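Quick look at query-v9.txt (compact mmCIF, C-alpha atoms):
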```txt
# COMPACT_ATOMS: atom_id res chain seq x y z
CA MET A 1355 -23.35 -38.81 20.82
CA LEU A 1356 -23.51 -35.48 22.65
CA ASP A 1357 -24.06 -35.13 26.36
CA ILE A 1358 -24.17 -31.70 27.97
CA LYS A 1359 -24.49 -31.35 31.72
CA GLY A 1360 -24.83 -28.21 33.81
CA LEU A 1361 -23.47 -25.93 31.09
CA THR A 1362 -23.17 -22.38 32.36
CA LYS A 1363 -21.88 -19.34 30.52
CA LYS A 1364 -21.83 -15.68 31.49
CA ILE A 1365 -20.95 -12.92 29.05
CA LYS A 1366 -20.28 -9.51 30.60
CA ASN A 1367 -22.21 -10.43 33.75
CA ASN A 1368 -25.23 -11.61 31.73
CA LEU A 1369 -26.11 -15.21 32.42
CA ILE A 1370 -26.55 -16.66 28.91
CA LEU A 1371 -26.67 -20.37 29.73
CA ASP A 1372 -27.74 -21.52 33.17
CA GLU A 1373 -26.88 -25.13 34.02
CA LEU A 1374 -28.17 -26.28 30.67
CA ASP A 1375 -28.57 -30.03 30.07
CA LEU A 1376 -28.93 -31.75 26.71
CA GLU A 1377 -28.52 -35.32 25.55
CA VAL A 1378 -28.49 -36.01 21.83
CA GLN A 1379 -28.56 -39.44 20.20
CA THR A 1380 -27.10 -40.39 16.83
CA GLY A 1381 -29.42 -39.64 13.92
CA GLU A 1382 -31.54 -37.03 15.73
CA LEU A 1383 -32.76 -33.89 14.04
CA ILE A 1384 -33.32 -31.20 16.65
CA HIS A 1385 -34.83 -27.76 16.26
CA VAL A 1386 -33.73 -25.15 18.79
CA ILE A 1387 -35.89 -22.06 18.97
CA GLY A 1388 -35.10 -18.96 20.94
CA THR A 1389 -35.33 -15.20 20.87
CA ASN A 1390 -32.41 -13.04 19.77
CA GLY A 1391 -29.70 -13.16 22.39
CA SER A 1392 -31.14 -16.23 24.09
CA GLY A 1393 -27.82 -18.06 23.70
CA LYS A 1394 -28.26 -20.30 20.64
CA SER A 1395 -25.00 -19.23 19.02
CA THR A 1396 -23.22 -19.34 22.37
CA LEU A 1397 -24.38 -22.91 22.87
CA PHE A 1398 -23.02 -23.88 19.43
CA LYS A 1399 -19.73 -22.12 20.07
CA LEU A 1400 -19.32 -23.98 23.34
CA ILE A 1401 -20.03 -27.34 21.67
CA CYS A 1402 -17.40 -26.49 19.02
CA HIS A 1403 -14.90 -25.42 21.71
CA ILE A 1404 -14.61 -21.98 20.16
CA MET A 1405 -15.64 -20.59 23.53
CA GLU A 1406 -14.89 -21.81 27.05
CA ALA A 1407 -17.72 -22.60 29.46
CA ASP A 1408 -17.76 -21.17 32.98
CA ALA A 1409 -19.07 -24.45 34.35
CA GLY A 1410 -20.48 -27.74 33.16
CA GLU A 1411 -19.40 -30.51 30.84
CA ILE A 1412 -19.72 -31.24 27.16
CA ALA A 1413 -19.02 -34.86 26.31
CA LEU A 1414 -18.77 -36.00 22.74
CA SER A 1415 -18.54 -39.60 21.61
CA GLU A 1416 -15.35 -40.74 19.97
CA GLN A 1417 -15.33 -40.45 16.18
CA VAL A 1418 -17.53 -37.36 16.33
CA THR A 1419 -16.56 -34.73 13.79
CA ILE A 1420 -18.36 -31.41 14.03
CA GLY A 1421 -19.52 -29.33 11.11
CA ALA A 1422 -20.98 -25.97 11.96
CA LEU A 1423 -22.43 -22.82 10.53
CA ILE A 1424 -22.41 -20.23 13.27
CA GLU A 1425 -23.84 -16.74 12.81
CA ASN A 1426 -23.01 -14.95 9.56
CA PRO A 1427 -20.50 -16.97 7.59
CA TYR A 1428 -17.25 -15.10 6.94
CA PHE A 1429 -14.90 -16.20 4.20
CA MET A 1430 -11.64 -15.22 2.55
CA GLU A 1431 -13.33 -12.44 0.63
CA ASN A 1432 -10.80 -12.22 -2.19
CA SER A 1433 -10.98 -15.92 -3.02
CA SER A 1434 -13.56 -17.98 -4.89
CA ALA A 1435 -16.00 -20.38 -3.25
CA GLN A 1436 -13.91 -23.29 -4.52
CA SER A 1437 -10.69 -21.87 -2.98
CA ASN A 1438 -12.41 -21.22 0.34
CA LEU A 1439 -13.92 -24.67 0.55
CA LYS A 1440 -10.68 -26.35 -0.55
CA PHE A 1441 -8.67 -24.41 2.03
CA LEU A 1442 -11.04 -25.48 4.82
CA ALA A 1443 -11.35 -29.10 3.72
CA ASP A 1444 -7.59 -29.47 3.28
CA ILE A 1445 -6.97 -28.69 6.96
CA ASN A 1446 -7.95 -32.20 7.96
CA ARG A 1447 -7.23 -33.68 4.52
CA GLN A 1448 -10.92 -34.18 3.80
CA TYR A 1449 -11.10 -32.46 0.42
CA ASP A 1450 -13.53 -34.30 -1.82
CA GLU A 1451 -13.84 -32.34 -5.04
CA LYS A 1452 -16.62 -34.52 -6.42
CA LEU A 1453 -18.79 -34.02 -3.33
CA ILE A 1454 -18.15 -30.26 -3.15
CA ARG A 1455 -18.87 -29.86 -6.85
CA GLN A 1456 -22.11 -31.78 -6.38
CA LEU A 1457 -23.18 -29.73 -3.35
CA LEU A 1458 -22.45 -26.43 -5.09
CA THR A 1459 -24.42 -27.57 -8.14
CA GLN A 1460 -27.37 -28.56 -5.95
CA PHE A 1461 -27.42 -24.99 -4.65
CA ASP A 1462 -27.09 -23.49 -8.14
CA LEU A 1463 -23.52 -22.36 -7.57
CA ASP A 1464 -20.70 -22.93 -10.03
CA PHE A 1465 -17.68 -24.87 -8.74
CA ASP A 1466 -15.43 -23.44 -11.47
CA SER A 1467 -16.56 -19.83 -11.08
CA PRO A 1468 -13.64 -17.49 -10.32
CA THR A 1469 -16.04 -14.95 -8.73
CA ARG A 1470 -14.70 -13.77 -5.41
CA LEU A 1471 -16.80 -14.27 -2.30
CA LYS A 1472 -17.08 -10.54 -1.68
CA LYS A 1473 -19.30 -10.35 -4.77
CA TYR A 1474 -21.69 -13.00 -3.41
CA SER A 1475 -25.14 -12.09 -2.08
CA LEU A 1476 -26.24 -13.00 1.45
CA GLY A 1477 -28.09 -16.07 0.18
CA MET A 1478 -25.12 -17.28 -1.86
CA ARG A 1479 -22.79 -16.88 1.11
CA GLN A 1480 -25.25 -18.77 3.25
CA LYS A 1481 -25.22 -21.64 0.75
CA VAL A 1482 -21.41 -21.82 0.86
CA GLY A 1483 -21.65 -21.69 4.65
CA ILE A 1484 -24.02 -24.66 4.72
CA ILE A 1485 -21.79 -26.60 2.32
CA GLN A 1486 -18.65 -26.11 4.43
CA ALA A 1487 -20.54 -27.53 7.42
CA ILE A 1488 -21.31 -30.82 5.67
CA MET A 1489 -18.62 -31.27 3.00
CA GLU A 1490 -16.22 -33.31 5.14
CA ASN A 1491 -18.71 -36.01 6.03
CA GLN A 1492 -19.16 -34.52 9.51
CA ASN A 1493 -21.51 -36.51 11.70
CA LEU A 1494 -22.61 -33.80 14.14
CA ILE A 1495 -23.88 -30.79 12.24
CA LEU A 1496 -24.80 -27.53 13.96
CA LEU A 1497 -26.61 -24.96 11.86
CA ASP A 1498 -27.35 -21.51 13.24
CA GLU A 1499 -30.07 -19.74 11.22
CA PRO A 1500 -29.14 -21.68 8.06
CA THR A 1501 -32.13 -20.52 6.03
CA ARG A 1502 -31.37 -16.81 6.39
CA GLY A 1503 -31.33 -15.25 2.92
CA LEU A 1504 -32.25 -18.44 1.07
CA ASP A 1505 -34.85 -18.22 -1.70
CA GLN A 1506 -37.66 -20.78 -2.06
CA LYS A 1507 -35.68 -23.01 -4.43
CA ALA A 1508 -32.64 -23.04 -2.15
CA LEU A 1509 -34.93 -23.72 0.81
CA THR A 1510 -36.30 -26.81 -0.94
CA THR A 1511 -32.75 -27.97 -1.69
CA PHE A 1512 -31.79 -27.37 1.93
CA ASN A 1513 -34.75 -29.40 3.24
CA ARG A 1514 -33.93 -32.27 0.86
CA LEU A 1515 -30.27 -32.20 1.87
CA ILE A 1516 -31.11 -32.33 5.58
CA ALA A 1517 -33.47 -35.28 4.99
CA GLU A 1518 -30.69 -37.12 3.11
CA LEU A 1519 -28.17 -36.45 5.88
CA ILE A 1520 -30.58 -37.82 8.48
CA THR A 1521 -31.03 -41.02 6.48
CA GLU A 1522 -27.22 -41.31 6.59
CA GLN A 1523 -27.48 -41.28 10.40
CA LYS A 1524 -25.98 -37.82 10.77
CA THR A 1525 -27.01 -35.84 13.83
CA ILE A 1526 -28.23 -32.33 13.15
CA ILE A 1527 -29.13 -29.45 15.43
CA ILE A 1528 -30.73 -26.44 13.77
CA ALA A 1529 -31.22 -23.14 15.57
CA SER A 1530 -33.71 -21.07 13.66
CA HIS A 1531 -36.56 -18.60 13.99
CA ASP A 1532 -38.14 -20.07 10.86
CA ASN A 1533 -40.83 -22.69 11.18
CA LEU A 1534 -39.06 -25.23 8.90
CA SER A 1535 -42.28 -27.22 8.84
CA GLU A 1536 -41.12 -29.47 6.00
CA LEU A 1537 -38.45 -31.04 8.16
CA ASN A 1538 -39.31 -33.99 10.41
CA PHE A 1539 -37.70 -32.94 13.65
CA THR A 1540 -37.14 -35.57 16.30
CA ARG A 1541 -37.45 -32.89 18.97
CA LYS A 1542 -38.19 -29.21 19.24
CA LEU A 1543 -36.60 -27.29 22.09
CA ARG A 1544 -36.92 -23.73 23.25
CA LEU A 1545 -33.93 -21.95 24.72
CA GLU A 1546 -35.19 -19.54 27.39
CA ASN A 1547 -33.68 -18.23 30.59
CA GLY A 1548 -30.51 -20.14 29.81
CA LYS A 1549 -32.18 -23.53 29.73
CA LEU A 1550 -33.58 -25.82 27.03
CA VAL A 1551 -37.19 -26.83 27.42
CA ALA A 1552 -39.16 -29.23 25.23
CA ILE A 1553 -41.99 -27.78 23.15
CA MET B 600 0.53 -12.70 -2.35
CA ARG B 601 1.58 -10.65 -5.37
CA ARG B 602 0.05 -7.53 -3.82
CA ASN B 603 2.08 -8.02 -0.64
CA LYS B 604 5.31 -8.41 -2.57
CA GLY B 605 4.47 -5.22 -4.44
CA LEU B 606 3.83 -3.45 -1.17
CA LEU B 607 7.19 -4.59 0.13
CA LEU B 608 8.92 -3.37 -3.01
CA LEU B 609 7.20 0.01 -2.56
CA ILE B 610 8.57 0.30 0.97
CA GLY B 611 12.06 -0.39 -0.30
CA ILE B 612 11.73 2.19 -3.08
CA PHE B 613 10.35 4.87 -0.75
CA GLN B 614 13.14 4.33 1.72
CA MET B 615 15.75 4.54 -1.01
CA ILE B 616 14.21 7.82 -2.23
CA MET B 617 14.31 9.21 1.29
CA LEU B 618 17.90 8.18 1.81
CA TYR B 619 18.84 9.78 -1.50
CA GLN B 620 17.07 13.03 -0.53
CA PHE B 621 18.89 13.19 2.77
CA LYS B 622 22.54 12.93 1.68
CA ILE B 623 23.42 9.80 3.51
CA ASN B 624 25.46 9.67 6.69
CA SER B 625 24.97 7.94 10.04
CA GLY B 626 23.22 10.89 11.59
CA SER B 627 20.77 11.42 8.75
CA LEU B 628 19.97 7.72 8.65
CA ILE B 629 18.98 7.78 12.31
CA ALA B 630 16.84 10.85 11.67
CA ILE B 631 15.09 9.22 8.76
CA TYR B 632 14.48 5.87 10.37
CA PHE B 633 13.75 6.72 13.94
CA GLY B 634 13.38 10.41 14.52
CA PHE B 635 10.73 12.96 13.88
CA ASN B 636 12.52 15.45 11.74
CA GLN B 637 11.22 18.97 11.65
CA GLN B 638 10.57 18.80 7.94
CA ILE B 639 6.90 17.99 7.43
CA SER B 640 7.57 16.12 4.18
CA ILE B 641 9.94 13.75 5.99
CA LEU B 642 7.42 13.29 8.80
CA LEU B 643 4.70 12.41 6.30
CA GLN B 644 6.96 9.96 4.55
CA ILE B 645 7.80 8.28 7.84
CA ILE B 646 4.08 7.96 8.61
CA PHE B 647 3.43 6.59 5.14
CA TYR B 648 5.99 3.86 5.16
CA SER B 649 5.24 2.96 8.77
CA CYS B 650 1.67 2.27 7.59
CA LEU B 651 3.02 0.12 4.79
CA GLU B 652 5.23 -1.80 7.20
CA VAL B 653 2.29 -2.62 9.42
CA LEU B 654 0.10 -3.55 6.46
CA VAL B 655 2.69 -5.97 5.13
CA VAL B 656 2.58 -7.87 8.40
CA LEU B 657 -1.17 -7.70 8.93
CA LYS B 658 -2.42 -8.23 5.39
CA PRO B 659 -1.79 -11.98 5.20
CA LEU B 660 -3.41 -12.36 8.61
CA SER B 661 -6.67 -10.69 7.66
CA ALA B 662 -7.75 -13.68 5.54
CA ILE B 663 -7.11 -16.00 8.47
CA PHE B 664 -9.09 -13.82 10.83
CA GLN B 665 -11.98 -13.60 8.39
CA ILE B 666 -12.51 -17.35 8.61
CA GLN B 667 -11.36 -17.90 12.16
CA THR B 668 -14.68 -19.36 13.36
CA MET B 669 -14.64 -21.98 10.63
CA LEU B 670 -10.96 -22.68 11.28
CA LYS B 671 -11.37 -23.08 15.01
CA ILE B 672 -14.07 -25.69 14.45
CA ARG B 673 -11.49 -27.72 12.54
CA MET B 674 -8.39 -27.21 14.65
CA THR B 675 -7.17 -26.69 18.18
CA ASP B 676 -6.29 -23.26 19.52
CA PHE B 677 -2.62 -24.10 19.27
CA GLU B 678 -2.96 -25.18 15.64
CA PHE B 679 -4.83 -21.94 14.89
CA LYS B 680 -2.03 -19.84 16.40
CA ARG B 681 0.55 -21.84 14.48
CA LEU B 682 -1.36 -21.28 11.23
CA THR B 683 -1.54 -17.54 11.94
CA LEU B 684 2.19 -17.38 12.58
CA ILE B 685 2.94 -19.37 9.44
CA HIS B 686 0.95 -16.85 7.43
CA ALA B 687 2.56 -13.81 9.02
CA LEU B 688 6.13 -14.94 9.38
CA PRO B 689 7.31 -14.91 5.74
CA TYR B 690 6.29 -11.29 5.31
CA SER B 691 7.64 -10.23 8.69
CA LEU B 692 10.98 -11.75 7.76
CA LEU B 693 10.89 -10.32 4.25
CA LEU B 694 10.15 -6.91 5.68
CA ALA B 695 13.00 -7.15 8.15
CA MET B 696 15.39 -8.46 5.50
CA THR B 697 14.46 -5.68 3.07
CA ASN B 698 15.29 -3.11 5.71
CA ILE B 699 18.46 -4.86 6.81
CA GLY B 700 19.58 -5.14 3.21
CA ILE B 701 19.01 -1.45 2.51
CA SER B 702 20.68 -0.36 5.71
CA LEU B 703 23.71 -2.60 5.48
CA ALA B 704 24.27 -1.50 1.92
CA LEU B 705 24.50 2.10 3.08
CA ASP B 706 25.79 2.13 6.60
CA LYS B 707 26.70 -0.79 8.83
CA GLY B 708 26.83 0.70 12.34
CA PRO B 709 23.76 2.52 13.58
CA MET B 710 21.28 0.45 11.67
CA VAL B 711 21.86 -2.82 13.49
CA ALA B 712 19.90 -1.70 16.55
CA GLY B 713 17.30 -0.18 14.28
CA ASN B 714 16.75 -3.39 12.41
CA LEU B 715 16.51 -5.27 15.65
CA ARG B 716 13.73 -2.84 16.51
CA LEU B 717 12.08 -3.57 13.21
CA LEU B 718 12.26 -7.31 13.74
CA ILE B 719 10.92 -7.04 17.30
CA SER B 720 8.05 -4.76 16.26
CA SER B 721 7.14 -7.21 13.48
CA VAL B 722 7.04 -10.08 15.96
CA ILE B 723 4.99 -7.97 18.38
CA CYS B 724 2.58 -7.19 15.53
CA VAL B 725 2.04 -10.91 15.00
CA LEU B 726 1.58 -11.60 18.69
CA VAL B 727 -0.84 -8.72 19.12
CA ALA B 728 -2.71 -9.82 16.01
CA ASN B 729 -3.05 -13.27 17.50
CA LYS B 730 -4.41 -11.95 20.74
CA LEU B 731 -6.92 -9.33 19.70
CA ASN B 732 -8.55 -10.73 16.56
CA GLN B 733 -9.79 -7.35 15.46
CA ASN B 734 -8.07 -6.07 12.35
CA LYS B 735 -9.21 -2.48 12.39
CA PHE B 736 -7.87 -1.90 15.88
CA LEU B 737 -4.82 -4.01 15.22
CA PHE B 738 -3.62 -1.73 12.51
CA PHE B 739 -3.53 1.28 14.82
CA ILE B 740 -2.06 -0.68 17.70
CA CYS B 741 0.77 -2.01 15.54
CA LEU B 742 1.32 1.41 14.05
CA GLY B 743 1.57 2.77 17.58
CA ILE B 744 4.17 0.14 18.43
CA VAL B 745 6.25 1.05 15.37
CA PHE B 746 6.15 4.75 16.25
CA LEU B 747 6.82 4.17 19.92
CA SER B 748 9.88 2.12 19.09
CA ARG B 749 11.06 4.92 16.77
CA MET B 750 10.61 7.52 19.50
CA LEU B 751 12.33 5.37 22.13
CA PHE B 752 15.23 4.78 19.78
CA GLN B 753 15.59 8.53 19.32
CA LEU B 754 15.58 9.07 23.08
CA PHE B 755 18.20 6.49 23.91
CA PHE B 756 20.63 6.72 20.98
```
When written as structure tokens, how does the structure in this file appear?
Amino acid sequence: MLDIKGLTKKIKNNLILDELDLEVQTGELIHVIGTNGSGKSTLFKLICHIMEADAGEIALSEQVTIGALIENPYFMENSSAQSNLKFLADINRQYDEKLIRQLLTQFDLDFDSPTRLKKYSLGMRQKVGIIQAIMENQNLILLDEPTRGLDQKALTTFNRLIAELITEQKTIIIASHDNLSELNFTRKLRLENGKLVAI
Amino acid sequence: MRRNKGLLLLIGIFQMIMLYQFKINSGSLIAIYFGFNQQISILLQIIFYSCLEVLVVLKPLSAIFQIQTMLKIRMTDFEFKRLTLIHALPYSLLLAMTNIGISLALDKGPMVAGNLRLLISSVICVLVANKLNQNKFLFFICLGIVFLSRMLFQLFF
């Protein structure tokens, strides 16, 4: 599904990724661990083509659609969660109101609430961020620190949601400092010195 | 959207007030629009509505920039730029048309070049906004462009 070879990226003369290789199969659940600044977000940005690599190749299978939560999620602050999610899903005509309503309810958020995003707490924003990464039936999901700010109840919902997505043969890569011991990861990798090593 | 239209209306009203204060003729129009008159009140008013002009162009873009990471995941770079332009263009044109309308209603001649300046600075604002992606700096950069074009106009005409 995803094949990365020799990926290299420098930012301001700092070598962030150094000929990194990674092969991911459909249905895998991968945990990427790394210290702050080790390049987890950079790796995700490169996979999403938000950033250009200095060298190396990223090959994605056909039919791959990427959903991603990268760093702190930013939204249209003066709009509601519903408006934000609709705006994003409408870009590729993937708006599924029933699914979005269901996902928001699972995370104890109200689909019909007119509350603007700027009034949301960190945890609530994180929930909306997770939802936008999965609401369009994306099959490669990249989540960067998805559990940041989530309370215990939301964490349980998140774990259940990830388990469901894996049974649907979605491929998920989670970069997180948290242990996430309730998730059955296929592989755990550590990003250090610009390379991924198995744990 | 409603706030932006209100902002645009405010610009129009302020400019009309200034023109009324100045006893309109070609020379005074140039002074108001493009020159730094010695009167501090006029200078402050020029600064004020220059800020409004820039805000009108940048305001619709700020929402796009807030969610640019999520947008870029869903679209190509070209599509992102097109979306940004689509969001900025109606207000840039409205701004230019408001100014053209006011000017033409009062004096046909000297304002044509001025409005061309306005249109060009609006387009530059959009292009700069597209390039830099940082709203707080953008505001000052665009404001600088508006003032520079005013000063250049004063030098050459």
Considering only C-alpha atoms, give me a table of residues in chain A that are at most 7 Å from chain B, with the closest atom pair and distance in Å for each, as JSON lines.
```
{"residue": "A:Cys1402", "atom": "CA", "partner": "B:Ile672", "partner_atom": "CA", "distance": 5.7}
{"residue": "A:Ile1404", "atom": "CA", "partner": "B:Lys671", "partner_atom": "CA", "distance": 6.2}
{"residue": "A:Tyr1428", "atom": "CA", "partner": "B:Ile666", "partner_atom": "CA", "distance": 5.5}
{"residue": "A:Phe1429", "atom": "CA", "partner": "B:Ile666", "partner_atom": "CA", "distance": 5.1}
{"residue": "A:Met1430", "atom": "CA", "partner": "B:Ala662", "partner_atom": "CA", "distance": 5.1}
```
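If you look at CA of Glu1518 in chain A and CA of Asn1426 in chain A, they are 24.3 Å away from each other.
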Inset, instruction - Skip Leu1519 in chain A itself and residues of its chain fewer than 2 positions away, then list as a list in words all residues within 12 Å of it, counting all atoms listed in the file. - result: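 The residues satisfying every condition are Thr1380, Gly1381, Glu1382, Leu1383, Ala1487, Ile1488, Met1489, Asn1491, Gln1492, Asn1493, Leu1494, Ile1495, Phe1512, Asn1513, Arg1514, Leu1515, Ile1516, Ala1517, Thr1521, Glu1522, Gln1523, Lys1524, Thr1525, Ile1526, Ile1527 and Leu1537 of chain A.
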Could the residues in this selection be written to a file with C-alpha atoms, as a compact mmCIF listing (two decimals), in the coordinates of the input?
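Generated output (again_0.txt):
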```txt
# COMPACT_ATOMS: atom_id res chain seq x y z
CA THR A 1380 -27.10 -40.39 16.83
CA GLY A 1381 -29.42 -39.64 13.92
CA GLU A 1382 -31.54 -37.03 15.73
CA LEU A 1383 -32.76 -33.89 14.04
CA ALA A 1487 -20.54 -27.53 7.42
CA ILE A 1488 -21.31 -30.82 5.67
CA MET A 1489 -18.62 -31.27 3.00
CA ASN A 1491 -18.71 -36.01 6.03
CA GLN A 1492 -19.16 -34.52 9.51
CA ASN A 1493 -21.51 -36.51 11.70
CA LEU A 1494 -22.61 -33.80 14.14
CA ILE A 1495 -23.88 -30.79 12.24
CA PHE A 1512 -31.79 -27.37 1.93
CA ASN A 1513 -34.75 -29.40 3.24
CA ARG A 1514 -33.93 -32.27 0.86
CA LEU A 1515 -30.27 -32.20 1.87
CA ILE A 1516 -31.11 -32.33 5.58
CA ALA A 1517 -33.47 -35.28 4.99
CA THR A 1521 -31.03 -41.02 6.48
CA GLU A 1522 -27.22 -41.31 6.59
CA GLN A 1523 -27.48 -41.28 10.40
CA LYS A 1524 -25.98 -37.82 10.77
CA THR A 1525 -27.01 -35.84 13.83
CA ILE A 1526 -28.23 -32.33 13.15
CA ILE A 1527 -29.13 -29.45 15.43
CA LEU A 1537 -38.45 -31.04 8.16
```
What's the 12 Å shell around Asp1464 in chain A, counting all atoms listed in the file, without same-chain residues fewer than 5 positions away, as a PDB file with C-alpha atoms, in the frame of the given file?
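After the write, result17.pdb holds the following:
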```pdb
ATOM      1  CA  SER A1434     -13.560 -17.980  -4.890  1.00  0.00           C
ATOM      2  CA  ALA A1435     -16.000 -20.380  -3.250  1.00  0.00           C
ATOM      3  CA  GLN A1436     -13.910 -23.290  -4.520  1.00  0.00           C
ATOM      4  CA  ILE A1454     -18.150 -30.260  -3.150  1.00  0.00           C
ATOM      5  CA  ARG A1455     -18.870 -29.860  -6.850  1.00  0.00           C
ATOM      6  CA  GLN A1456     -22.110 -31.780  -6.380  1.00  0.00           C
ATOM      7  CA  LEU A1457     -23.180 -29.730  -3.350  1.00  0.00           C
ATOM      8  CA  LEU A1458     -22.450 -26.430  -5.090  1.00  0.00           C
ATOM      9  CA  THR A1459     -24.420 -27.570  -8.140  1.00  0.00           C
ATOM     10  CA  THR A1469     -16.040 -14.950  -8.730  1.00  0.00           C
ATOM     11  CA  ARG A1470     -14.700 -13.770  -5.410  1.00  0.00           C
ATOM     12  CA  TYR A1474     -21.690 -13.000  -3.410  1.00  0.00           C
ATOM     13  CA  MET A1478     -25.120 -17.280  -1.860  1.00  0.00           C
ATOM     14  CA  LYS A1481     -25.220 -21.640   0.750  1.00  0.00           C
ATOM     15  CA  VAL A1482     -21.410 -21.820   0.860  1.00  0.00           C
TER      16      VAL A1482
END
```
Inset, instruction - For each of A:Ile1420, A:Ala1407, A:Ile1401, A:Leu1543, take the minimum atom-to-atom distance to His1531 in chain A, counting all atoms listed in the file, then give the residue where this is smallest. - result: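 Ranking A:Ile1420, A:Ala1407, A:Ile1401, A:Leu1543 by distance to His1531 in chain A, first place goes to A:Leu1543.
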Legend entry - Point-to-point distance from CA of Asp1532 in chain A to CA of Thr1501 in chain A, Å rounded to tenths: 7.7 Å
Inset, instruction - Work out how far apart CA of Ala1443 in chain A and CA of Glu1490 in chain A are and give it in Å to one decimal. - result: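 Computing it gives 6.6 Å between the two atoms.
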Legend entry - For Lys1359 in chain A, the nearest of the candidates A:Ala1413, A:Asp1444, A:Gln1460, A:Ile1387, counting all atoms listed in the file: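 Residue with the minimum atom-to-atom distance to Lys1359 in chain A: A:Ala1413.
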Inset, instruction - Could you check which of A:Glu1416, A:Asp1462, A:Glu1373, A:Glu1411 is closest to Leu1504 in chain A, using all atoms listed in the file? - result: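 Once distances to Leu1504 in chain A are computed over all atoms listed in the file, the minimum belongs to A:Asp1462.
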Quick one: residues within 9 Å of Gly1410 in chain A, all atoms listed in the file, excluding same-chain residues fewer than 2 positions away - as a compact mmCIF listing (two decimals) with C-alpha atoms, keeping the file's coordinate frame?
```txt
# COMPACT_ATOMS: atom_id res chain seq x y z
CA ILE A 1358 -24.17 -31.70 27.97
CA LYS A 1359 -24.49 -31.35 31.72
CA GLY A 1360 -24.83 -28.21 33.81
CA LEU A 1361 -23.47 -25.93 31.09
CA THR A 1362 -23.17 -22.38 32.36
CA LYS A 1363 -21.88 -19.34 30.52
CA GLU A 1373 -26.88 -25.13 34.02
CA LEU A 1374 -28.17 -26.28 30.67
CA ASP A 1375 -28.57 -30.03 30.07
CA ALA A 1407 -17.72 -22.60 29.46
CA ASP A 1408 -17.76 -21.17 32.98
CA ILE A 1412 -19.72 -31.24 27.16
```
